[in-house]
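**Student:** Contents of entry-v2.tsv (TSV, C-alpha atoms and all ligand atoms):
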```
chain	number	residue	atom	x	y	z
A	1	MET	CA	233.92	159.24	205.66
A	2	ARG	CA	230.65	159.93	203.83
A	3	SER	CA	228.23	157.07	203.01
A	4	GLN	CA	227.63	156.47	199.31
A	5	PRO	CA	224.00	155.82	198.30
A	6	ILE	CA	223.36	152.90	195.92
A	7	ILE	CA	219.94	152.59	194.29
A	8	ALA	CA	218.48	149.07	194.16
A	9	LEU	CA	217.18	148.23	190.69
A	10	ASP	CA	214.72	145.62	191.98
A	11	VAL	CA	212.66	145.56	188.81
A	12	PRO	CA	211.71	142.72	186.42
A	13	MET	CA	213.17	143.97	183.13
A	14	LEU	CA	215.84	146.17	181.57
A	15	ALA	CA	213.14	148.54	180.28
A	16	ASP	CA	211.98	149.17	183.88
A	17	ALA	CA	215.58	149.72	184.98
A	18	LYS	CA	216.15	152.22	182.18
A	19	ALA	CA	213.00	154.13	183.16
A	20	LEU	CA	214.13	154.41	186.79
A	21	VAL	CA	217.70	155.38	185.90
A	22	GLN	CA	216.38	158.04	183.55
A	23	ARG	CA	214.02	159.38	186.23
A	24	LEU	CA	216.88	159.72	188.71
A	25	GLY	CA	219.28	161.18	186.15
A	26	PRO	CA	222.51	162.67	187.51
A	27	ASP	CA	221.26	162.38	191.11
A	28	ALA	CA	222.24	158.69	191.15
A	29	ASP	CA	225.52	157.29	189.89
A	30	PHE	CA	225.70	153.89	191.64
A	31	TYR	CA	223.16	151.09	191.08
A	32	LYS	CA	222.53	147.68	192.55
A	33	VAL	CA	221.65	144.89	190.13
A	34	GLY	CA	220.22	141.95	192.04
A	35	LEU	CA	218.83	138.51	191.43
A	36	GLU	CA	215.52	139.51	189.85
A	37	LEU	CA	216.94	141.75	187.12
A	38	PHE	CA	220.14	139.78	186.49
A	39	THR	CA	218.23	136.50	186.15
A	40	ALA	CA	215.91	138.09	183.61
A	41	GLU	CA	218.40	140.11	181.58
A	42	GLY	CA	221.93	138.89	182.34
A	43	PRO	CA	225.13	140.88	181.70
A	44	ARG	CA	223.51	143.32	179.28
A	45	VAL	CA	222.07	145.19	182.27
A	46	VAL	CA	225.58	145.79	183.59
A	47	GLU	CA	226.83	146.72	180.12
A	48	TRP	CA	224.01	149.23	179.69
A	49	LEU	CA	224.62	150.86	183.10
A	50	ARG	CA	228.39	151.06	182.46
A	51	GLY	CA	227.63	152.67	179.09
A	52	GLU	CA	225.58	155.31	180.93
A	53	GLY	CA	228.60	156.03	183.12
A	54	LYS	CA	227.09	154.38	186.22
A	55	ARG	CA	228.88	152.20	188.74
A	56	VAL	CA	227.40	148.76	189.36
A	57	PHE	CA	227.00	146.72	192.53
A	58	LEU	CA	226.24	143.16	191.41
A	59	ASP	CA	224.31	141.70	194.33
A	60	LEU	CA	224.28	138.01	193.39
A	61	LYS	CA	225.06	136.69	196.89
A	62	LEU	CA	227.11	133.81	195.54
A	63	TYR	CA	227.21	130.55	197.52
A	64	ASP	CA	228.86	127.54	195.88
A	65	ILE	CA	232.10	125.56	195.87
A	66	PRO	CA	235.23	127.73	195.77
A	67	ASN	CA	236.15	126.94	192.15
A	68	THR	CA	232.71	127.95	190.86
A	69	VAL	CA	232.63	131.15	192.91
A	70	ARG	CA	236.16	132.08	191.75
A	71	GLY	CA	234.99	131.80	188.13
A	72	ALA	CA	231.79	133.78	188.74
A	73	ALA	CA	233.75	136.54	190.48
A	74	ARG	CA	236.15	136.66	187.51
A	75	SER	CA	233.15	137.03	185.16
A	76	ALA	CA	231.69	139.84	187.30
A	77	ALA	CA	235.03	141.65	187.14
A	78	THR	CA	235.17	141.26	183.35
A	79	MET	CA	231.65	142.74	183.17
A	80	GLY	CA	232.88	145.83	185.00
A	81	ALA	CA	231.03	145.41	188.31
A	82	SER	CA	232.54	147.57	191.06
A	83	LEU	CA	231.15	145.42	193.88
A	84	LEU	CA	230.01	141.80	194.12
A	85	THR	CA	228.41	139.92	197.05
A	86	VAL	CA	229.12	136.39	198.30
A	87	HIS	CA	227.62	134.71	201.37
A	88	GLY	CA	229.82	134.48	204.45
A	89	TYR	CA	228.15	131.16	205.27
A	90	GLY	CA	229.97	129.78	202.20
A	91	GLY	CA	233.08	129.65	204.41
A	92	ALA	CA	236.65	130.91	204.31
A	93	ALA	CA	237.82	128.91	201.28
A	94	MET	CA	234.89	130.19	199.21
A	95	VAL	CA	235.42	133.82	200.24
A	96	ASP	CA	239.18	133.52	199.54
A	97	ALA	CA	238.37	132.18	196.06
A	98	ALA	CA	235.94	135.06	195.41
A	99	VAL	CA	238.56	137.66	196.35
A	100	GLU	CA	241.12	135.94	194.11
A	101	GLY	CA	238.71	135.70	191.15
A	102	ALA	CA	237.50	139.31	191.46
A	103	GLY	CA	241.00	140.79	191.26
A	104	ALA	CA	241.87	144.38	192.08
A	105	GLU	CA	239.05	146.29	190.35
A	106	THR	CA	236.01	144.53	191.83
A	107	GLY	CA	235.42	144.61	195.57
A	108	ILE	CA	234.04	141.54	197.28
A	109	LEU	CA	231.41	142.19	199.94
A	110	VAL	CA	230.71	139.34	202.33
A	111	VAL	CA	227.05	139.04	203.33
A	112	THR	CA	226.92	138.38	207.07
A	113	VAL	CA	223.32	137.90	208.26
A	114	LEU	CA	220.57	138.99	205.85
A	115	THR	CA	218.64	141.99	207.12
A	116	SER	CA	215.40	140.01	206.77
A	117	PHE	CA	216.43	137.84	209.77
A	118	ASP	CA	215.96	138.59	213.44
A	119	ALA	CA	217.68	136.35	215.99
A	120	PRO	CA	214.81	133.82	216.45
A	121	SER	CA	214.25	133.34	212.70
A	122	LEU	CA	218.01	132.96	212.16
A	123	GLY	CA	218.14	130.31	214.90
A	124	ILE	CA	215.34	128.37	213.16
A	125	ALA	CA	217.10	128.61	209.77
A	126	LEU	CA	220.37	127.38	211.28
A	127	GLY	CA	218.66	124.67	213.32
A	128	ARG	CA	220.09	125.82	216.61
A	129	GLU	CA	219.33	128.19	219.46
A	130	ALA	CA	218.85	131.82	218.41
A	131	PRO	CA	222.40	133.20	218.09
A	132	GLU	CA	223.35	136.61	219.45
A	133	MET	CA	223.05	138.69	216.27
A	134	GLY	CA	225.99	141.03	216.94
A	135	GLY	CA	228.34	138.12	217.66
A	136	GLU	CA	227.23	136.23	214.54
A	137	VAL	CA	227.80	139.28	212.32
A	138	LEU	CA	231.25	139.89	213.85
A	139	ARG	CA	232.22	136.23	213.35
A	140	LEU	CA	231.47	136.54	209.63
A	141	ALA	CA	233.14	139.95	209.45
A	142	GLN	CA	236.32	138.36	210.81
A	143	LEU	CA	236.21	135.83	208.00
A	144	ALA	CA	235.82	138.68	205.48
A	145	ASP	CA	238.71	140.58	207.02
A	146	ARG	CA	241.03	137.55	206.95
A	147	ALA	CA	240.20	136.94	203.28
A	148	GLY	CA	241.08	140.53	202.37
A	149	ALA	CA	237.51	141.28	201.23
A	150	HIS	CA	236.59	144.89	200.43
A	151	GLY	CA	233.77	144.92	202.94
A	152	ILE	CA	230.71	143.27	204.41
A	153	VAL	CA	226.93	143.53	204.25
A	154	CYS	CA	225.22	143.98	207.60
A	155	SER	CA	222.31	145.91	209.06
A	156	GLY	CA	222.47	149.33	210.63
A	157	HIS	CA	222.21	147.63	214.03
A	158	GLU	CA	225.68	146.06	213.75
A	159	VAL	CA	227.59	148.56	211.65
A	160	ARG	CA	229.15	150.46	214.55
A	161	ALA	CA	230.51	147.27	216.12
A	162	VAL	CA	231.91	146.09	212.77
A	163	ARG	CA	233.65	149.43	212.24
A	164	GLY	CA	235.11	149.25	215.74
A	165	SER	CA	236.49	145.73	215.36
A	166	TYR	CA	237.40	145.74	211.66
A	167	PRO	CA	238.12	149.34	210.62
A	168	ARG	CA	239.54	148.28	207.24
A	169	LEU	CA	236.26	146.70	206.09
A	170	LYS	CA	233.74	148.86	204.24
A	171	PRO	CA	230.23	148.14	205.54
A	172	LEU	CA	227.33	148.19	203.10
A	173	VAL	CA	223.95	148.60	204.80
A	174	PRO	CA	220.62	147.57	203.24
A	175	GLY	CA	217.27	147.69	205.03
A	176	ILE	CA	217.28	151.48	204.95
A	177	ARG	CA	213.98	153.07	205.89
A	178	LEU	CA	212.88	156.64	206.46
A	179	SER	CA	211.69	157.30	209.98
A	180	GLY	CA	208.29	155.63	210.46
A	181	GLY	CA	208.33	154.04	206.98
A	182	ALA	CA	206.99	150.54	206.25
A	183	THR	CA	209.55	147.80	206.97
A	184	HIS	CA	208.10	145.28	204.44
A	185	ASP	CA	210.04	141.98	204.70
A	186	GLN	CA	213.01	143.51	206.55
A	187	ALA	CA	213.59	142.67	210.23
A	188	ARG	CA	216.62	144.87	210.99
A	189	VAL	CA	216.14	148.36	209.56
A	190	ALA	CA	217.85	151.70	210.10
A	191	THR	CA	217.42	155.26	208.91
A	192	PRO	CA	219.99	156.68	206.47
A	193	GLU	CA	221.17	159.14	209.13
A	194	SER	CA	221.81	156.54	211.81
A	195	ALA	CA	223.50	154.04	209.46
A	196	ALA	CA	225.74	156.81	208.12
A	197	ALA	CA	226.58	158.13	211.59
A	198	ASP	CA	227.49	154.60	212.70
A	199	GLY	CA	229.96	154.18	209.84
A	200	ALA	CA	228.22	152.71	206.79
A	201	ALA	CA	230.41	153.16	203.71
A	202	TYR	CA	227.48	152.38	201.38
A	203	LEU	CA	223.71	152.63	201.87
A	204	VAL	CA	221.42	150.52	199.68
A	205	LEU	CA	218.31	152.55	198.93
A	206	GLY	CA	215.49	150.31	197.79
A	207	ARG	CA	211.76	150.74	198.24
A	208	ALA	CA	212.18	153.78	200.52
A	209	VAL	CA	213.25	155.62	197.37
A	210	THR	CA	212.11	153.57	194.39
A	211	ALA	CA	208.50	153.08	195.58
A	212	ALA	CA	208.08	156.75	196.54
A	213	PRO	CA	205.78	158.91	194.41
A	214	SER	CA	208.84	161.01	193.50
A	215	PRO	CA	212.03	158.93	193.91
A	216	VAL	CA	214.26	161.83	192.92
A	217	ASP	CA	212.85	164.09	195.66
A	218	VAL	CA	213.38	161.43	198.35
A	219	LEU	CA	216.89	160.73	197.09
A	220	ARG	CA	217.76	164.44	197.16
A	221	GLU	CA	216.42	164.73	200.70
A	222	ILE	CA	218.52	161.76	201.83
A	223	ARG	CA	221.61	163.17	200.10
A	224	MET	CA	221.09	166.52	201.85
A	225	THR	CA	220.77	164.82	205.24
A	226	LEU	CA	223.93	162.81	204.60
A	227	ALA	CA	225.85	165.90	203.50
A	228	ALA	CA	224.78	167.73	206.67
A	229	GLY	CA	225.79	164.84	208.95
A	301	LIG	O1	221.06	141.49	203.93
A	301	LIG	C1	220.64	141.98	202.87
A	301	LIG	C2	221.36	141.94	201.70
A	301	LIG	C3	220.87	142.53	200.57
A	301	LIG	N1	219.67	143.15	200.58
A	301	LIG	C4	219.20	143.79	199.33
A	301	LIG	O2	219.03	145.19	199.55
A	301	LIG	C5	217.83	145.66	198.93
A	301	LIG	C6	216.91	146.20	199.99
A	301	LIG	O3	215.71	146.62	199.40
A	301	LIG	P1	214.58	147.36	200.24
A	301	LIG	O4	213.52	147.64	199.20
A	301	LIG	O5	215.20	148.61	200.79
A	301	LIG	O6	214.11	146.44	201.31
A	301	LIG	C7	217.23	144.48	198.17
A	301	LIG	O7	217.65	144.59	196.83
A	301	LIG	C8	217.86	143.25	198.81
A	301	LIG	O8	218.10	142.21	197.89
A	301	LIG	C9	218.94	143.19	201.74
A	301	LIG	O9	217.83	143.75	201.80
A	301	LIG	N2	219.47	142.61	202.86
```
For this file, write the structure as structure tokens.
**Tutor:**
Amino acid sequence: MRSQPIIALDVPMLADAKALVQRLGPDADFYKVGLELFTAEGPRVVEWLRGEGKRVFLDLKLYDIPNTVRGAARSAATMGASLLTVHGYGGAAMVDAAVEGAGAETGILVVTVLTSFDAPSLGIALGREAPEMGGEVLRLAQLADRAGAHGIVCSGHEVRAVRGSYPRLKPLVPGIRLSGGATHDQARVATPESAAADGAAYLVLGRAVTAAPSPVDVLREIRMTLAAG
């Protein structure tokens, strides 16, 4: 199965998003709307993208009581989002509620361990000894699988193991970097080729593409590599 690229619209305002979408034109048909843009502009970003014929991944990483998350997932589905994230650390009841609220047209992706964590920093955040990263990701993937979620979010380091243990789940992999590229605030990065070869269903392309002098050229290069793989 081929990995689908999703472009991260990590920009402050709708005008910036429009400029990037117009620059990429028909080369990109799937966009991620995250906390920065959604907090600034709200649902009109999703409405605008849908009007342009683009699919939307609403990366809100919900974490709240089940009733609240069920309602938010229902709202995301009404907006026309194709994918929505919730945190696995919210627990089974919360993920179940998200799946129920989202319905059949919006896929719930369960965030396992953020790609900005390595094992020691995760241990500090959780207040315990550094967990084994692969085991922690698989534990949260199991929760996603049991809830009937569409997929999970993990790094390229764990995607092969997730595919092996939970073949039904569609892995979405952020932290994508071109070989030798700056890692910024990401701790667990992978190249598009390796994440795709290991079974990523979706690749989130952020700064590796959007901060490049010519985003469309980098995107085309990545697409060619994926098509050849
Ligand atoms: O674990 C996660 C979950 C989500 N993200 C999001 O993906 C992009 C990555 O952007 P880059 O510029 O490629 O670093 C960003 O929107 C994050 O919110 C993630 O990085 N890790």
**Student:** Output as CSV one row per residue of range 64-164 of chain A within 10 Å of range 15-32 of chain A: the closest atom pair and its distance in Å to one decimal place, counting all atoms listed in the file, sorted by chain and residue number ascending.
**Tutor:**
```
residue,atom,partner,partner_atom,distance
A:Ala81,CA,A:Lys32,CA,9.8
A:Ser82,CA,A:Phe30,CA,9.3
A:Leu83,CA,A:Lys32,CA,9.0
A:Leu84,CA,A:Lys32,CA,9.6
```
**Student:** Taking into account only C-alpha atoms and all ligand atoms, which residue in the set A:Gly90, A:Gly134, A:Gly175, A:Gly107 is nearest to ligand LIG 301 (chain A)?
**Tutor:**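 Of A:Gly90, A:Gly134, A:Gly175, A:Gly107, the one nearest ligand LIG 301 (chain A), counting only C-alpha atoms and all ligand atoms, is A:Gly175.
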**Student:** Just want the 7 Å neighbourhood of Ala208 in chain A, counted on all atoms listed in the file, with same-chain residues fewer than 4 positions away dropped. Output as a short mmCIF file (atom, residue, chain, number, x, y, z; two decimals) with C-alpha atoms, in the coordinates of the input.
**Tutor:**
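Once written, part-v6.cif looks like this:
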```
data_model
loop_
_atom_site.label_atom_id
_atom_site.label_comp_id
_atom_site.auth_asym_id
_atom_site.auth_seq_id
_atom_site.Cartn_x
_atom_site.Cartn_y
_atom_site.Cartn_z
CA ARG A 177 213.98 153.07 205.89
CA LEU A 178 212.88 156.64 206.46
CA ALA A 212 208.08 156.75 196.54
#
```
**Student:** Go ahead and compute the interatomic distance for atom C2 of ligand LIG 301 (chain A) and CA of Pro174 in chain A, in Å to one decimal.
**Tutor:** 5.9 Å
**Student:** Could you state the separation of CA of Val153 in chain A and CA of Arg207 in chain A in Å, given to one decimal place?
**Tutor:** 17.8 Å
